[in-house]
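In what follows, a structure is listed as structure tokens, so that the remarks can point back to it.
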Amino acid sequence: MKWYNPEYMGTIADWVSGLLTATGVGWAVYETRRRTKINYKFTAYISSKRGKEGVLTTTYKNNSDLISEIQAYGFLVYKRKFSRKSISNNSKYFKPGEKELKPNSIFTYEEEYPNPRTIYVGRDYFWIKPYILDMTGEYKFSRKRYKIMFDDLEKSNFFK
């Protein structure tokens, strides 16, 4: 007795074609979801351009293939890197249809941060986490928190 009977189990060609069809359908669903998912990349740093030294700059990049309408953007401020409770929230809101972020374009937000040493006595730095509120109504947060040193912010004269 043979372990494989084509009358009951189908031919090897039937099995191969079924497997390839399932793989093709799975790949199509994966690609559709990947291309329609809005993906952002965030960065934060102290600006060192001439005349703008000591300005906290956050950038927001749309890495998806879709145009994204932004409702708000900003960043949360933390005392410690792994703290759950934020100390403050710096954000800016837009009217519907006012601000769009095109595919693979970068939006830069520069903030002359108020003197933070009065808030964080005895510390030399704080952490920020950028975010966007997009057209879907979801907050998209950066995975990374960025360390901002007070000494870098105080290089310019805007505290005086």
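As shown in the structure tokens, the chain order sets the letters A, B, ...; within each chain, residues go from 1, and ligands are also counted from 1 in the order they appear.
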Requested in this report: Give the strand (DSSP E or B) residues of chain A, as assigned by DSSP on the backbone, as a PyMOL selection string.
Outcome: chain A and resi 40-47+55-62+68-78+88-93+100-101+106-111+125-134+139-141+146-149
Take the residues from that selection and put them in a file with C-alpha atoms, as a CSV table (one decimal), in the first residue's frame.
```csv
chain,number,residue,atom,x,y,z
A,40,TYR,CA,6.7,58.5,11.0
A,41,LYS,CA,10.3,59.1,12.0
A,42,PHE,CA,11.1,61.6,14.8
A,43,THR,CA,14.4,63.3,15.8
A,44,ALA,CA,15.2,65.9,18.3
A,45,TYR,CA,18.5,67.9,18.7
A,46,ILE,CA,19.9,71.2,19.7
A,47,SER,CA,20.2,73.4,16.7
A,55,VAL,CA,17.3,76.2,20.0
A,56,LEU,CA,15.5,72.9,20.6
A,57,THR,CA,14.6,71.4,17.2
A,58,THR,CA,12.3,68.5,16.6
A,59,THR,CA,11.8,67.0,13.1
A,60,TYR,CA,8.8,64.9,11.9
A,61,LYS,CA,9.2,62.8,8.7
A,62,ASN,CA,6.4,61.0,6.9
A,68,SER,CA,-0.8,62.7,6.1
A,69,GLU,CA,-2.9,65.5,7.5
A,70,ILE,CA,-1.6,66.7,10.9
A,71,GLN,CA,-3.9,67.8,13.6
A,72,ALA,CA,-1.2,68.5,16.2
A,73,TYR,CA,2.5,68.0,16.9
A,74,GLY,CA,4.7,68.5,19.9
A,75,PHE,CA,6.8,66.7,22.5
A,76,LEU,CA,6.5,65.5,26.0
A,77,VAL,CA,9.1,66.4,28.6
A,78,TYR,CA,10.4,63.9,31.2
A,88,SER,CA,5.0,69.1,30.5
A,89,ASN,CA,3.5,68.9,27.1
A,90,ASN,CA,4.6,71.4,24.3
A,91,SER,CA,2.3,71.2,21.4
A,92,LYS,CA,0.7,73.1,18.5
A,93,TYR,CA,-2.7,72.4,17.0
A,100,GLU,CA,-0.3,68.3,5.4
A,101,LEU,CA,2.9,66.2,5.5
A,106,ILE,CA,10.3,66.5,6.7
A,107,PHE,CA,8.6,69.1,9.0
A,108,THR,CA,10.8,71.0,11.4
A,109,TYR,CA,9.6,72.6,14.7
A,110,GLU,CA,12.0,74.9,16.5
A,111,GLU,CA,11.3,75.9,20.0
A,125,TYR,CA,19.4,67.5,31.5
A,126,PHE,CA,15.9,66.5,30.6
A,127,TRP,CA,14.3,64.0,28.2
A,128,ILE,CA,11.8,64.7,25.4
A,129,LYS,CA,9.6,62.4,23.3
A,130,PRO,CA,8.2,63.8,20.1
A,131,TYR,CA,4.7,62.9,18.9
A,132,ILE,CA,2.1,63.7,16.2
A,133,LEU,CA,-1.7,63.6,16.3
A,134,ASP,CA,-2.6,62.7,12.7
A,139,TYR,CA,-1.2,59.9,18.7
A,140,LYS,CA,2.0,58.5,17.1
A,141,PHE,CA,4.8,58.7,19.6
A,146,TYR,CA,16.1,62.3,23.4
A,147,LYS,CA,18.4,63.7,26.1
A,148,ILE,CA,18.6,67.5,26.1
A,149,MET,CA,21.4,69.1,28.0
```
Residue neighbourhood Arg35 of chain A, 10 Å, only C-alpha atoms, exclusion window fewer than 6 positions, as an mmCIF file with N, CA and C atoms, in the first residue's frame:
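Contents of part_16.cif, freshly written:
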```cif
data_model
loop_
_atom_site.group_PDB
_atom_site.id
_atom_site.type_symbol
_atom_site.label_atom_id
_atom_site.label_comp_id
_atom_site.auth_asym_id
_atom_site.auth_seq_id
_atom_site.Cartn_x
_atom_site.Cartn_y
_atom_site.Cartn_z
ATOM 1 N N SER A 64 5.707 57.085 5.001
ATOM 2 C CA SER A 64 4.748 56.271 4.265
ATOM 3 C C SER A 64 4.552 56.814 2.850
ATOM 4 N N ASP A 65 3.757 56.108 2.061
ATOM 5 C CA ASP A 65 3.463 56.523 0.690
ATOM 6 C C ASP A 65 2.220 57.404 0.597
ATOM 7 N N LEU A 66 1.637 57.771 1.721
ATOM 8 C CA LEU A 66 0.397 58.540 1.760
ATOM 9 C C LEU A 66 0.636 59.957 2.270
#
```
Query - chain A: residues DSSP assigns to alpha helix (DSSP H), reported as a ChimeraX atom specification - result: /A:6-9,12-36,150-153
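In this structure, atom CA of Ala13 of chain A sits 28.5 Å away from atom CA of Thr32 of chain A.
Among A:Arg80, A:Arg123, A:Lys95, A:Lys102, the residue with the shortest atom-to-atom distance to Ile67 of chain A, counting only C-alpha atoms, is A:Lys102.
Atom CA of Gly97 of chain A to atom CA of Glu138 of chain A spans 16.4 Å [interatomic distance, one decimal].
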Query - Counting only C-alpha atoms, the option among A:Arg33, A:Asn39, A:Lys144, A:Lys81 closest to Asn104 of chain A - result: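 Among the listed residues, the smallest separation from Asn104 of chain A belongs to A:Asn39.
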**Report entry** Distance in Å - atom CA of Ile38 of chain A versus atom CA of Asn63 of chain A
**Finding:**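 These atoms are spaced 7.3 Å apart.
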